[in-house]
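Peer 1: Pasting work_28.cif below, which is mmCIF, C-alpha atoms.
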```cif
data_query
loop_
_atom_site.label_atom_id
_atom_site.label_comp_id
_atom_site.auth_asym_id
_atom_site.auth_seq_id
_atom_site.Cartn_x
_atom_site.Cartn_y
_atom_site.Cartn_z
CA MET D 1 -95.69 -137.96 148.72
CA TRP D 2 -97.67 -140.43 146.64
CA PRO D 3 -98.22 -138.17 143.61
CA ALA D 4 -94.48 -137.58 143.41
CA ALA D 5 -93.79 -141.30 143.73
CA ARG D 6 -96.37 -142.09 141.07
CA ALA D 7 -94.88 -139.48 138.74
CA LEU D 8 -91.40 -140.92 139.27
CA VAL D 9 -92.51 -144.50 138.65
CA ARG D 10 -94.31 -143.45 135.48
CA ARG D 11 -91.28 -141.57 134.27
CA ASP D 12 -88.95 -144.48 134.94
CA MET D 13 -91.28 -146.90 133.19
CA ARG D 14 -91.43 -144.62 130.16
CA LEU D 15 -87.65 -144.28 130.16
CA LEU D 16 -87.37 -148.04 130.36
CA TRP D 17 -89.73 -148.40 127.45
CA ALA D 18 -87.79 -145.83 125.43
CA ARG D 19 -84.67 -147.94 125.98
CA ARG D 20 -86.29 -151.33 126.12
CA GLY D 21 -83.28 -153.01 124.52
CA ASP D 22 -81.12 -151.99 127.48
CA ALA D 23 -83.73 -153.14 129.96
CA LEU D 24 -83.19 -156.79 129.12
CA GLN D 25 -79.44 -156.65 129.63
CA PRO D 26 -79.26 -157.62 133.33
CA ALA D 27 -81.42 -160.71 132.77
CA LEU D 28 -79.38 -161.72 129.72
CA PHE D 29 -76.18 -161.19 131.67
CA ALA D 30 -77.42 -163.48 134.45
CA LEU D 31 -78.42 -166.09 131.89
CA LEU D 32 -75.00 -165.99 130.24
CA THR D 33 -73.20 -166.20 133.59
CA VAL D 34 -75.20 -169.29 134.45
CA VAL D 35 -74.56 -170.85 131.05
CA LEU D 36 -70.82 -170.20 131.38
CA PHE D 37 -70.79 -171.87 134.79
CA ALA D 38 -72.73 -174.82 133.43
CA LEU D 39 -70.25 -175.19 130.56
CA ALA D 40 -67.21 -174.81 132.81
CA LEU D 41 -68.50 -177.37 135.28
CA GLY D 42 -68.99 -179.88 132.50
CA GLY D 43 -72.74 -180.27 132.74
CA GLU D 44 -72.63 -183.17 135.18
CA ALA D 45 -75.64 -183.09 137.47
CA ARG D 46 -73.73 -184.74 140.33
CA LYS D 47 -71.07 -182.02 140.32
CA MET D 48 -73.35 -179.05 139.66
CA ALA D 49 -76.22 -179.64 142.03
CA PRO D 50 -74.29 -178.69 145.21
CA MET D 51 -73.14 -175.39 143.69
CA ALA D 52 -76.26 -174.46 141.78
CA SER D 53 -77.76 -172.16 144.41
CA ALA D 54 -74.47 -170.34 145.00
CA VAL D 55 -74.00 -169.80 141.25
CA LEU D 56 -77.53 -168.46 140.90
CA TRP D 57 -77.02 -166.07 143.78
CA LEU D 58 -73.79 -164.79 142.25
CA ALA D 59 -75.41 -164.38 138.83
CA VAL D 60 -78.23 -162.29 140.30
CA LEU D 61 -75.78 -160.22 142.36
CA LEU D 62 -73.51 -159.46 139.41
CA ALA D 63 -76.42 -158.63 137.13
CA GLY D 64 -77.60 -156.04 139.66
CA LEU D 65 -74.15 -154.43 139.72
CA LEU D 66 -74.26 -153.72 136.00
CA SER D 67 -76.90 -151.03 136.07
CA LEU D 68 -75.94 -149.60 139.46
CA ASP D 69 -73.68 -146.88 138.12
CA ASN D 70 -76.54 -145.32 136.20
CA LEU D 71 -78.97 -145.28 139.12
CA PHE D 72 -78.48 -141.56 139.79
CA ARG D 73 -75.82 -140.57 137.28
CA SER D 74 -78.02 -139.56 134.37
CA ASP D 75 -80.33 -137.66 136.71
CA ALA D 76 -77.34 -135.81 138.16
CA GLU D 77 -75.95 -134.96 134.75
CA ASP D 78 -79.10 -133.55 133.19
CA GLY D 79 -80.18 -131.57 136.25
CA SER D 80 -83.14 -133.76 137.22
CA LEU D 81 -81.54 -134.27 140.62
CA GLU D 82 -81.73 -130.51 141.25
CA GLN D 83 -85.46 -130.68 140.68
CA TRP D 84 -85.69 -133.67 143.04
CA MET D 85 -83.99 -131.61 145.74
CA LEU D 86 -86.32 -128.67 145.16
CA ALA D 87 -89.44 -130.83 145.28
CA PRO D 88 -91.71 -130.64 148.33
CA VAL D 89 -91.13 -134.32 149.10
CA PRO D 90 -88.03 -135.48 150.99
CA LEU D 91 -85.11 -136.58 148.85
CA TRP D 92 -84.83 -139.94 150.63
CA TRP D 93 -88.35 -140.78 149.52
CA LEU D 94 -87.51 -140.24 145.86
CA VAL D 95 -84.29 -142.22 146.34
CA LEU D 96 -86.29 -145.07 147.86
CA VAL D 97 -88.82 -145.08 145.02
CA ARG D 98 -86.11 -144.91 142.38
CA THR D 99 -84.21 -147.76 144.05
CA LEU D 100 -87.29 -149.97 144.32
CA VAL D 101 -88.06 -149.37 140.65
CA HIS D 102 -84.47 -150.34 139.91
CA TRP D 103 -84.96 -153.55 141.91
CA LEU D 104 -88.23 -154.29 140.13
CA THR D 105 -86.70 -153.85 136.71
CA THR D 106 -83.33 -155.55 137.21
CA ALA D 107 -83.61 -158.14 139.98
CA VAL D 108 -87.20 -159.29 139.63
CA PRO D 109 -86.88 -160.49 136.00
CA VAL D 110 -83.86 -162.56 137.01
CA ILE D 111 -85.68 -163.94 140.05
CA LEU D 112 -88.59 -164.91 137.83
CA ALA D 113 -86.16 -166.71 135.55
CA ALA D 114 -84.50 -168.48 138.50
CA PRO D 115 -86.53 -171.73 138.18
CA LEU D 116 -85.42 -172.05 134.56
CA LEU D 117 -81.83 -171.14 135.34
CA GLY D 118 -81.98 -173.64 138.21
CA GLU D 119 -82.89 -176.40 135.77
CA LEU D 120 -79.84 -175.46 133.71
CA LEU D 121 -77.66 -175.97 136.77
CA HIS D 122 -79.47 -179.13 137.96
CA LEU D 123 -80.60 -177.37 141.09
CA PRO D 124 -82.45 -179.91 143.25
CA ARG D 125 -86.14 -179.00 143.04
CA ALA D 126 -86.54 -179.19 146.80
CA GLN D 127 -84.16 -176.24 147.20
CA LEU D 128 -86.07 -173.99 144.82
CA PRO D 129 -88.59 -172.51 147.30
CA VAL D 130 -85.87 -171.58 149.81
CA LEU D 131 -83.76 -170.12 147.01
CA MET D 132 -86.66 -167.99 145.75
CA VAL D 133 -87.47 -166.68 149.23
CA SER D 134 -83.82 -165.89 149.94
CA LEU D 135 -83.56 -164.04 146.60
CA LEU D 136 -86.75 -162.09 147.22
CA LEU D 137 -85.51 -160.99 150.65
CA GLY D 138 -81.87 -160.50 149.71
CA THR D 139 -81.90 -158.73 146.36
CA PRO D 140 -83.73 -155.60 147.61
CA ILE D 141 -80.94 -155.25 150.18
CA LEU D 142 -78.43 -155.41 147.34
CA SER D 143 -80.26 -152.64 145.45
CA LEU D 144 -80.52 -150.46 148.56
CA LEU D 145 -76.84 -150.87 149.50
CA GLY D 146 -75.99 -150.29 145.86
CA ALA D 147 -77.97 -147.04 145.91
CA VAL D 148 -75.72 -145.72 148.69
CA VAL D 149 -72.63 -146.59 146.68
CA ALA D 150 -74.10 -145.11 143.49
CA ALA D 151 -74.93 -141.91 145.38
CA LEU D 152 -71.42 -141.69 146.83
CA THR D 153 -69.83 -141.98 143.39
CA VAL D 154 -72.30 -139.79 141.49
CA GLY D 155 -69.96 -136.80 141.67
CA MET D 156 -67.24 -138.64 139.79
CA ARG D 157 -67.20 -138.37 136.07
CA ARG D 158 -66.97 -142.08 135.48
CA ALA D 159 -67.05 -144.41 138.43
CA GLY D 160 -67.04 -147.70 136.48
CA VAL D 161 -65.19 -150.39 138.41
CA LEU D 162 -65.09 -148.31 141.56
CA VAL D 163 -68.81 -148.89 142.08
CA ALA D 164 -68.23 -152.64 142.02
CA LEU D 165 -65.20 -152.38 144.31
CA LEU D 166 -67.20 -150.38 146.85
CA ALA D 167 -70.40 -152.39 146.59
CA LEU D 168 -69.07 -155.96 146.60
CA PRO D 169 -67.67 -155.91 150.16
CA LEU D 170 -71.03 -154.57 151.36
CA TYR D 171 -72.77 -157.43 149.57
CA VAL D 172 -70.81 -160.11 151.46
CA PRO D 173 -73.19 -160.56 154.41
CA VAL D 174 -76.21 -160.70 152.09
CA LEU D 175 -74.55 -163.36 149.98
CA VAL D 176 -73.46 -165.33 153.05
CA PHE D 177 -76.96 -165.47 154.50
CA GLY D 178 -78.74 -165.79 151.16
CA ALA D 179 -76.67 -168.62 149.75
CA GLY D 180 -76.24 -169.95 153.29
CA ALA D 181 -79.98 -170.38 153.74
CA VAL D 182 -80.17 -172.60 150.65
CA ALA D 183 -77.07 -174.55 151.65
CA ALA D 184 -78.52 -175.15 155.11
CA SER D 185 -81.79 -176.46 153.74
CA ALA D 186 -79.82 -178.71 151.33
CA GLN D 187 -78.18 -180.32 154.35
CA GLY D 188 -81.52 -180.83 156.00
CA LEU D 189 -81.07 -177.98 158.46
CA ASP D 190 -83.58 -175.25 159.20
CA ALA D 191 -83.19 -172.29 156.83
CA VAL D 192 -85.58 -170.05 158.74
CA GLY D 193 -82.87 -168.47 160.88
CA ALA D 194 -80.89 -167.20 157.92
CA LEU D 195 -84.06 -166.02 156.15
CA LEU D 196 -85.18 -164.11 159.24
CA LEU D 197 -81.79 -162.43 159.41
CA LEU D 198 -82.16 -161.47 155.75
CA GLY D 199 -85.60 -160.05 156.53
CA ALA D 200 -84.19 -158.03 159.43
CA GLY D 201 -81.41 -156.79 157.16
CA LEU D 202 -84.00 -155.76 154.58
CA VAL D 203 -85.93 -153.72 157.15
CA LEU D 204 -82.74 -152.00 158.29
CA ALA D 205 -81.70 -151.27 154.71
CA LEU D 206 -85.17 -149.91 153.85
CA VAL D 207 -84.94 -147.45 156.73
CA PHE D 208 -81.32 -146.35 156.59
CA ALA D 209 -80.08 -146.80 153.02
CA PRO D 210 -82.35 -144.12 151.45
CA LEU D 211 -81.33 -141.63 154.15
CA ALA D 212 -77.65 -142.36 153.63
CA ALA D 213 -77.97 -142.21 149.85
CA ALA D 214 -79.88 -138.90 150.01
CA ALA D 215 -77.20 -137.39 152.24
CA ALA D 216 -74.50 -138.62 149.86
CA LEU D 217 -76.35 -137.13 146.88
CA ARG D 218 -76.52 -133.74 148.60
CA ILE D 219 -72.81 -133.84 149.39
CA ALA D 220 -71.92 -134.90 145.85
CA HIS D 221 -74.11 -132.15 144.47
CA ASN D 222 -72.24 -129.38 146.27
CA MET G 1 -106.86 -119.20 141.44
CA GLY G 2 -108.67 -116.60 139.39
CA ALA G 3 -105.41 -115.20 138.16
CA VAL G 4 -104.25 -118.62 137.07
CA GLN G 5 -107.42 -119.24 135.16
CA ALA G 6 -107.11 -115.90 133.45
CA ARG G 7 -103.67 -117.04 132.37
CA VAL G 8 -105.08 -120.29 131.09
CA ALA G 9 -107.68 -118.61 128.99
CA ARG G 10 -105.38 -116.10 127.33
CA PRO G 11 -101.85 -117.30 127.68
CA LEU G 12 -99.91 -114.24 126.74
CA GLU G 13 -102.45 -111.50 126.45
CA LEU G 14 -101.26 -109.21 129.14
CA PRO G 15 -103.44 -107.18 131.36
CA HIS G 16 -102.13 -103.63 131.14
CA MET G 17 -99.79 -103.16 134.05
CA PRO G 18 -101.92 -102.46 137.09
CA ASP G 19 -100.37 -100.84 140.12
CA VAL G 20 -99.79 -103.93 142.13
CA ALA G 21 -100.46 -103.32 145.78
CA VAL G 22 -97.26 -103.99 147.67
CA ALA G 23 -97.88 -106.62 150.29
CA ALA G 24 -97.00 -106.01 153.90
CA SER G 25 -93.99 -108.29 153.73
CA PRO G 26 -91.82 -108.64 150.65
CA LEU G 27 -91.93 -111.87 148.68
CA LEU G 28 -88.26 -112.41 149.36
CA ALA G 29 -86.12 -110.71 151.96
CA VAL G 30 -82.43 -111.38 152.36
CA ARG G 31 -80.36 -110.15 155.26
CA ALA G 32 -76.58 -110.29 155.59
CA LEU G 33 -76.36 -113.34 153.36
CA THR G 34 -72.81 -114.63 153.06
CA PHE G 35 -71.49 -117.61 151.17
CA SER G 36 -67.99 -118.95 150.83
CA ARG G 37 -66.60 -122.06 149.26
CA ASP G 38 -63.55 -123.66 150.81
CA GLU G 39 -62.80 -120.52 152.84
CA THR G 40 -62.92 -118.35 149.70
CA PRO G 41 -65.67 -115.76 150.03
CA ILE G 42 -67.98 -115.91 147.00
CA PHE G 43 -70.38 -113.12 147.87
CA GLY G 44 -71.86 -111.19 150.71
CA PRO G 45 -72.91 -109.92 153.03
CA LEU G 46 -75.92 -109.11 150.84
CA ASP G 47 -79.12 -107.35 151.82
CA PHE G 48 -81.98 -107.03 149.40
CA SER G 49 -85.64 -107.75 148.96
CA VAL G 50 -88.03 -108.52 146.14
CA ASP G 51 -91.60 -107.30 146.38
CA VAL G 52 -94.65 -108.60 144.62
CA GLY G 53 -94.72 -107.22 141.09
CA GLU G 54 -91.05 -106.56 141.07
CA ALA G 55 -88.09 -108.04 139.26
CA LEU G 56 -84.56 -108.03 140.58
CA LEU G 57 -81.87 -108.15 137.94
CA VAL G 58 -78.69 -109.68 139.30
CA GLN G 59 -75.73 -108.58 137.24
CA GLY G 60 -72.08 -109.34 137.48
CA ASP G 61 -69.11 -110.71 135.61
CA ASN G 62 -68.49 -114.38 135.08
CA GLY G 63 -67.58 -115.92 138.42
CA ALA G 64 -69.09 -113.09 140.44
CA GLY G 65 -71.42 -115.55 142.17
CA LYS G 66 -74.72 -114.97 140.40
CA THR G 67 -75.51 -118.65 139.97
CA THR G 68 -74.31 -119.42 143.47
CA LEU G 69 -76.60 -116.74 144.88
CA LEU G 70 -79.60 -118.22 143.10
CA ARG G 71 -78.71 -121.72 144.24
CA VAL G 72 -78.44 -120.51 147.83
CA LEU G 73 -81.83 -118.80 147.56
CA ALA G 74 -83.36 -121.93 146.02
CA GLY G 75 -81.99 -124.01 148.89
CA LEU G 76 -79.57 -126.10 146.85
CA LEU G 77 -76.62 -124.64 148.75
CA ARG G 78 -76.37 -123.67 152.37
CA ALA G 79 -75.25 -120.15 153.19
CA ASP G 80 -72.61 -119.48 155.82
CA ARG G 81 -74.52 -116.72 157.51
CA GLY G 82 -77.54 -114.56 156.99
CA GLU G 83 -81.26 -115.03 156.67
CA VAL G 84 -83.56 -115.72 153.77
CA GLU G 85 -87.22 -114.98 154.29
CA VAL G 86 -89.89 -116.02 151.86
CA ASP G 87 -93.23 -114.30 152.20
CA GLY G 88 -92.33 -112.96 155.63
CA ARG G 89 -91.29 -116.27 157.10
CA ARG G 90 -87.89 -117.85 157.45
CA ALA G 91 -87.40 -120.08 154.43
CA ASP G 92 -87.28 -123.83 155.00
CA ALA G 93 -87.43 -126.70 152.54
CA GLY G 94 -91.22 -126.84 152.59
CA SER G 95 -91.89 -123.14 152.08
CA ARG G 96 -89.23 -122.96 149.37
CA ALA G 97 -90.82 -125.86 147.53
CA ARG G 98 -94.18 -124.09 147.56
CA GLN G 99 -93.02 -120.56 146.85
CA ILE G 100 -90.00 -120.86 144.56
CA ALA G 101 -89.62 -122.06 141.00
CA TYR G 102 -86.00 -122.37 139.91
CA LEU G 103 -84.73 -122.45 136.35
CA GLY G 104 -81.05 -123.33 136.33
CA HIS G 105 -78.39 -123.94 133.74
CA LEU G 106 -79.25 -127.62 133.50
CA PRO G 107 -82.69 -128.14 132.00
CA GLY G 108 -83.56 -131.15 134.15
CA LEU G 109 -85.20 -132.92 131.22
CA LYS G 110 -84.90 -136.56 130.27
CA ALA G 111 -83.55 -136.78 126.74
CA ASP G 112 -85.55 -139.89 125.84
CA LEU G 113 -88.94 -138.50 126.80
CA GLY G 114 -91.10 -136.01 124.98
CA ALA G 115 -91.51 -132.43 126.18
CA SER G 116 -95.04 -133.00 127.48
CA GLN G 117 -94.04 -136.20 129.29
CA ASN G 118 -91.19 -134.31 130.93
CA LEU G 119 -93.53 -131.53 132.02
CA GLU G 120 -96.02 -134.07 133.33
CA PHE G 121 -93.34 -135.67 135.48
CA LEU G 122 -92.01 -132.37 136.83
CA ALA G 123 -95.49 -131.16 137.71
CA GLY G 124 -96.17 -134.45 139.50
CA LEU G 125 -92.85 -134.26 141.30
CA HIS G 126 -93.64 -130.81 142.59
CA GLY G 127 -97.09 -132.00 143.61
CA GLN G 128 -98.91 -129.51 141.44
CA ARG G 129 -102.36 -130.00 140.17
CA ALA G 130 -102.59 -130.01 136.43
CA SER G 131 -104.20 -126.58 136.44
CA GLN G 132 -102.50 -126.06 133.12
CA PRO G 133 -102.19 -128.94 130.71
CA ALA G 134 -98.68 -129.43 129.41
CA GLY G 135 -99.86 -128.77 125.86
CA LEU G 136 -101.00 -125.27 126.75
CA ALA G 137 -97.78 -124.37 128.54
CA LEU G 138 -95.86 -125.59 125.51
CA GLU G 139 -98.06 -123.49 123.27
CA VAL G 140 -97.22 -120.43 125.36
CA VAL G 141 -93.50 -120.95 124.79
CA GLY G 142 -93.97 -121.58 121.09
CA LEU G 143 -93.34 -125.32 121.01
CA THR G 144 -96.60 -126.45 119.49
CA GLY G 145 -95.87 -129.47 117.36
CA PHE G 146 -92.89 -130.52 119.48
CA GLU G 147 -94.90 -132.02 122.35
CA HIS G 148 -93.97 -135.63 121.66
CA ALA G 149 -90.59 -135.39 119.99
CA PRO G 150 -87.88 -136.74 122.32
CA VAL G 151 -86.17 -133.83 124.06
CA ARG G 152 -82.89 -135.24 122.70
CA THR G 153 -83.90 -133.98 119.27
CA LEU G 154 -84.62 -130.42 120.42
CA SER G 155 -82.10 -127.59 120.17
CA ALA G 156 -80.60 -125.91 123.23
CA GLY G 157 -82.94 -122.96 122.81
CA GLN G 158 -85.97 -125.24 122.51
CA LYS G 159 -84.92 -127.09 125.67
CA LYS G 160 -84.74 -123.75 127.41
CA ARG G 161 -88.27 -123.09 126.24
CA VAL G 162 -89.42 -126.39 127.75
CA GLY G 163 -87.89 -125.17 131.02
CA LEU G 164 -89.84 -121.94 130.66
CA ALA G 165 -93.00 -123.98 130.10
CA ARG G 166 -92.34 -125.71 133.43
CA LEU G 167 -92.14 -122.29 135.11
CA TRP G 168 -95.38 -121.29 133.45
CA GLN G 169 -97.08 -124.37 134.89
CA SER G 170 -95.70 -123.81 138.37
CA PRO G 171 -97.93 -121.99 140.85
CA ALA G 172 -94.90 -120.71 142.79
CA PRO G 173 -94.94 -116.91 143.12
CA LEU G 174 -91.17 -116.38 143.14
CA TRP G 175 -89.20 -117.21 140.02
CA LEU G 176 -85.44 -117.64 140.21
CA LEU G 177 -84.15 -117.51 136.66
CA ASP G 178 -80.49 -118.24 136.04
CA GLU G 179 -79.47 -116.75 132.69
CA PRO G 180 -82.94 -117.13 131.20
CA TYR G 181 -81.84 -115.41 127.99
CA ALA G 182 -78.99 -117.81 127.24
CA ASN G 183 -79.42 -119.81 124.02
CA LEU G 184 -82.57 -117.96 123.04
CA ASP G 185 -83.19 -116.13 119.80
CA LEU G 186 -84.63 -112.60 119.71
CA GLU G 187 -88.15 -113.92 119.74
CA GLY G 188 -87.24 -116.09 122.73
CA ILE G 189 -85.86 -113.10 124.63
CA THR G 190 -89.10 -111.25 124.03
CA LEU G 191 -90.95 -114.35 125.22
CA VAL G 192 -89.02 -114.41 128.51
CA ASN G 193 -89.73 -110.73 129.03
CA ARG G 194 -93.43 -111.15 128.33
CA MET G 195 -93.64 -114.18 130.62
CA VAL G 196 -91.93 -112.31 133.44
CA GLU G 197 -94.23 -109.36 132.83
CA ALA G 198 -97.33 -111.56 132.99
CA HIS G 199 -96.04 -113.37 136.06
CA LEU G 200 -95.37 -110.13 137.90
CA ALA G 201 -98.74 -108.74 136.91
CA SER G 202 -100.45 -111.77 138.41
CA GLY G 203 -98.84 -111.25 141.80
CA GLY G 204 -95.44 -112.84 141.46
CA GLY G 205 -91.86 -111.71 141.70
CA ALA G 206 -88.72 -112.70 139.91
CA LEU G 207 -84.95 -112.75 140.23
CA LEU G 208 -83.01 -112.87 136.97
CA THR G 209 -79.30 -113.15 136.41
CA THR G 210 -77.62 -111.83 133.32
CA HIS G 211 -73.98 -111.20 132.58
CA GLY G 212 -74.64 -108.67 129.89
CA ALA G 213 -76.92 -105.86 128.90
CA TYR G 214 -79.81 -107.92 127.61
CA ALA G 215 -83.17 -106.36 127.12
CA ALA G 216 -84.63 -106.30 130.59
CA PRO G 217 -88.32 -107.02 131.09
CA PRO G 218 -90.45 -103.87 130.94
CA VAL G 219 -91.42 -104.02 134.58
CA ARG G 220 -90.47 -102.47 137.87
CA THR G 221 -86.88 -103.59 138.05
CA ARG G 222 -84.17 -103.24 140.62
CA MET G 223 -80.55 -104.08 140.03
CA LEU G 224 -78.15 -106.00 142.18
CA LEU G 225 -74.58 -105.72 141.02
CA LEU G 226 -72.31 -108.52 142.17
CA GLY G 227 -68.64 -107.76 141.89
CA ALA G 228 -65.46 -109.48 142.80
CA ALA G 229 -64.77 -109.23 146.51
CA PRO G 230 -62.20 -106.49 147.14
#
```
Take the structure I supplied and represent it as structure tokens, if you would.
Peer 2:
Amino acid sequence: MWPAARALVRRDMRLLWARRGDALQPALFALLTVVLFALALGGEARKMAPMASAVLWLAVLLAGLLSLDNLFRSDAEDGSLEQWMLAPVPLWWLVLVRTLVHWLTTAVPVILAAPLLGELLHLPRAQLPVLMVSLLLGTPILSLLGAVVAALTVGMRRAGVLVALLALPLYVPVLVFGAGAVAASAQGLDAVGALLLLGAGLVLALVFAPLAAAAALRIAHN
Amino acid sequence: MGAVQARVARPLELPHMPDVAVAASPLLAVRALTFSRDETPIFGPLDFSVDVGEALLVQGDNGAGKTTLLRVLAGLLRADRGEVEVDGRRADAGSRARQIAYLGHLPGLKADLGASQNLEFLAGLHGQRASQPAGLALEVVGLTGFEHAPVRTLSAGQKKRVGLARLWQSPAPLWLLDEPYANLDLEGITLVNRMVEAHLASGGGALLTTHGAYAAPPVRTRMLLLGAAP
């Protein structure tokens, strides 16, 4: 299983390098979203600080949506997916690896930029650690849920907005607990409960989402 | 292993056709295989077998179910009824992955990567040791000098040749070739025939689909004619 995973990671990294201009798009999108919010809110620290964490969470979530449609589409169109299905490793394993690479290349750059973006929104520094932990636990769930949606829509010629319409309702609990954890700590409450729930959600998503996405890919492929 | 190394050393220099000893069980045995899509029967029931050193030429008109048959055999589609045995044992995902190499209509190549990078990935995906470097397989199919050009810039026939190079790298004994002659020039058709010949001589078997009277490989060949269901 590991040689196949290593081959897939290498391939995806090379593809990313071949299209390195596109690779920066999610992070730039998140940056612009944050800037637009900062401009719309008038740049007053007093007004922005309470919303900063929610805005950051939304920016990360929307940036992840952008590249979701292409998670399996190009592989389905050029026949790579056929080869995945014929490989001696289970399809869910390749789906999991592909999804984690997607998370690493779209969500992680934005998470790394979160301290800077937080400054832009006057995020209180004390909230930053909780925000980072909630993003690190929550964004992989977003990618995994997104993989199921991307797999379900891979048979359609152009899914476009449909991917967002299907994925956003699934993202609600993640957003509630992720942004909720930061909000709770801002009010002096304990954020650990919400973070633990996010962690539990991540474990569940790691186990079930690749299986569901692999099943959806097989159905779409017939 | 010895056979593979012989292939490495002299890519297309063929040993003169030895009488391949027919193994106790055929490489591929199919019994009463039936497939239908949305209640419409596509083919079957079919019974046939492919022995070591033998090629089965599947012929039929467009829409007769040639591609579907190959996809069922490869395990991409599930048959309604019937059995598929590979090397004497009922085929499952694992044995198919080890024993079958499938070349379909879609090349399965990433347009932004070079031919050798694509081959490297596919070999890794299928868990094969790099018994044959990608460069050598590409040399066999006549793509020397195109190793690093993005596949996007290759012609349809050249992409097909990259697919053939993947087959050449694969250790799987049973080749399922869907329209291997499509998009190829005369030289390419000869190449396919010589590759099939070499593969069969080294203990493999092959299934080929064609819709026309292309030059068949000069090997022991059986025909399977798929027609429209009466």
Peer 1: What are the residues of chain G lining chain D at 10 Å or less? Count only C-alpha atoms, and put the answer as a PyMOL selection string.
Peer 2: chain G and resi 37+71+74-78+93-98+100-113+117-118+120-129+150
Peer 1: What's the separation between atom CA of G:Ala156 and atom CA of G:Asn183, in Å to one decimal place?
Peer 2: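 Taking atom CA of G:Ala156 and atom CA of G:Asn183, their separation equals 6.3 Å.
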Peer 1: Run the PyMOL selection byres ((chain D and resi 160) around 12) on the file and write out the hits as a ChimeraX atom specification.
Peer 2: /D:65-70,73,149-150,153-154,156-159,161-167
Peer 1: So what do you get for atom CA of D:Ala63 versus atom CA of D:Leu31, distance-wise?
Peer 2: 9.3 Å
Peer 1: Give me, please, the distance in Å between atom CA of G:Ala182 and atom CA of G:Arg166, quoted to one decimal.
Peer 2: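 Atom-to-atom, atom CA of G:Ala182 to atom CA of G:Arg166, that is 16.7 Å.
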Peer 1: So that I can see what lies close to G:Leu176, please list as a ChimeraX atom specification the residues with an atom at most 12 Å from it, counting all atoms listed in the file and leaving out residues fewer than 5 positions away in the same chain.
Peer 2: /G:28,50,55-58,66-75,96,99-105,164,167,196,204-210
Peer 1: Please determine, counting all atoms listed in the file, which residue among D:Ala183, D:Leu120, D:Leu39, D:Leu197 has the shortest atom-to-atom distance to D:Met51.
Peer 2: D:Ala183
Peer 1: Expanded to explicit residues, what is the PyMOL selection byres ((chain G and resi 33) around 12) for this file, as a PyMOL selection string?
Peer 2: chain G and resi 29-32+34-36+41-49+68-70+72-73+78-85
Peer 1: Can you turn the PyMOL selection byres ((chain D and resi 25) around 12) into a concrete residue list for this file, as number ranges by chain?
Peer 2: D: 16, 19-24, 26-32, 62-67, 105-107, 109-110
Peer 1: For C-alpha atoms, I'd like the residues from the last selection saved as a PDB file, in the frame of the given file.
Peer 2:
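Wrote it out as selection12.pdb, contents follow:
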```
ATOM      1  CA  LEU D  16     -87.370-148.040 130.360  1.00  0.00           C
ATOM      2  CA  ARG D  19     -84.670-147.940 125.980  1.00  0.00           C
ATOM      3  CA  ARG D  20     -86.290-151.330 126.120  1.00  0.00           C
ATOM      4  CA  GLY D  21     -83.280-153.010 124.520  1.00  0.00           C
ATOM      5  CA  ASP D  22     -81.120-151.990 127.480  1.00  0.00           C
ATOM      6  CA  ALA D  23     -83.730-153.140 129.960  1.00  0.00           C
ATOM      7  CA  LEU D  24     -83.190-156.790 129.120  1.00  0.00           C
ATOM      8  CA  PRO D  26     -79.260-157.620 133.330  1.00  0.00           C
ATOM      9  CA  ALA D  27     -81.420-160.710 132.770  1.00  0.00           C
ATOM     10  CA  LEU D  28     -79.380-161.720 129.720  1.00  0.00           C
ATOM     11  CA  PHE D  29     -76.180-161.190 131.670  1.00  0.00           C
ATOM     12  CA  ALA D  30     -77.420-163.480 134.450  1.00  0.00           C
ATOM     13  CA  LEU D  31     -78.420-166.090 131.890  1.00  0.00           C
ATOM     14  CA  LEU D  32     -75.000-165.990 130.240  1.00  0.00           C
ATOM     15  CA  LEU D  62     -73.510-159.460 139.410  1.00  0.00           C
ATOM     16  CA  ALA D  63     -76.420-158.630 137.130  1.00  0.00           C
ATOM     17  CA  GLY D  64     -77.600-156.040 139.660  1.00  0.00           C
ATOM     18  CA  LEU D  65     -74.150-154.430 139.720  1.00  0.00           C
ATOM     19  CA  LEU D  66     -74.260-153.720 136.000  1.00  0.00           C
ATOM     20  CA  SER D  67     -76.900-151.030 136.070  1.00  0.00           C
ATOM     21  CA  THR D 105     -86.700-153.850 136.710  1.00  0.00           C
ATOM     22  CA  THR D 106     -83.330-155.550 137.210  1.00  0.00           C
ATOM     23  CA  ALA D 107     -83.610-158.140 139.980  1.00  0.00           C
ATOM     24  CA  PRO D 109     -86.880-160.490 136.000  1.00  0.00           C
ATOM     25  CA  VAL D 110     -83.860-162.560 137.010  1.00  0.00           C
TER      26      VAL D 110
END
```
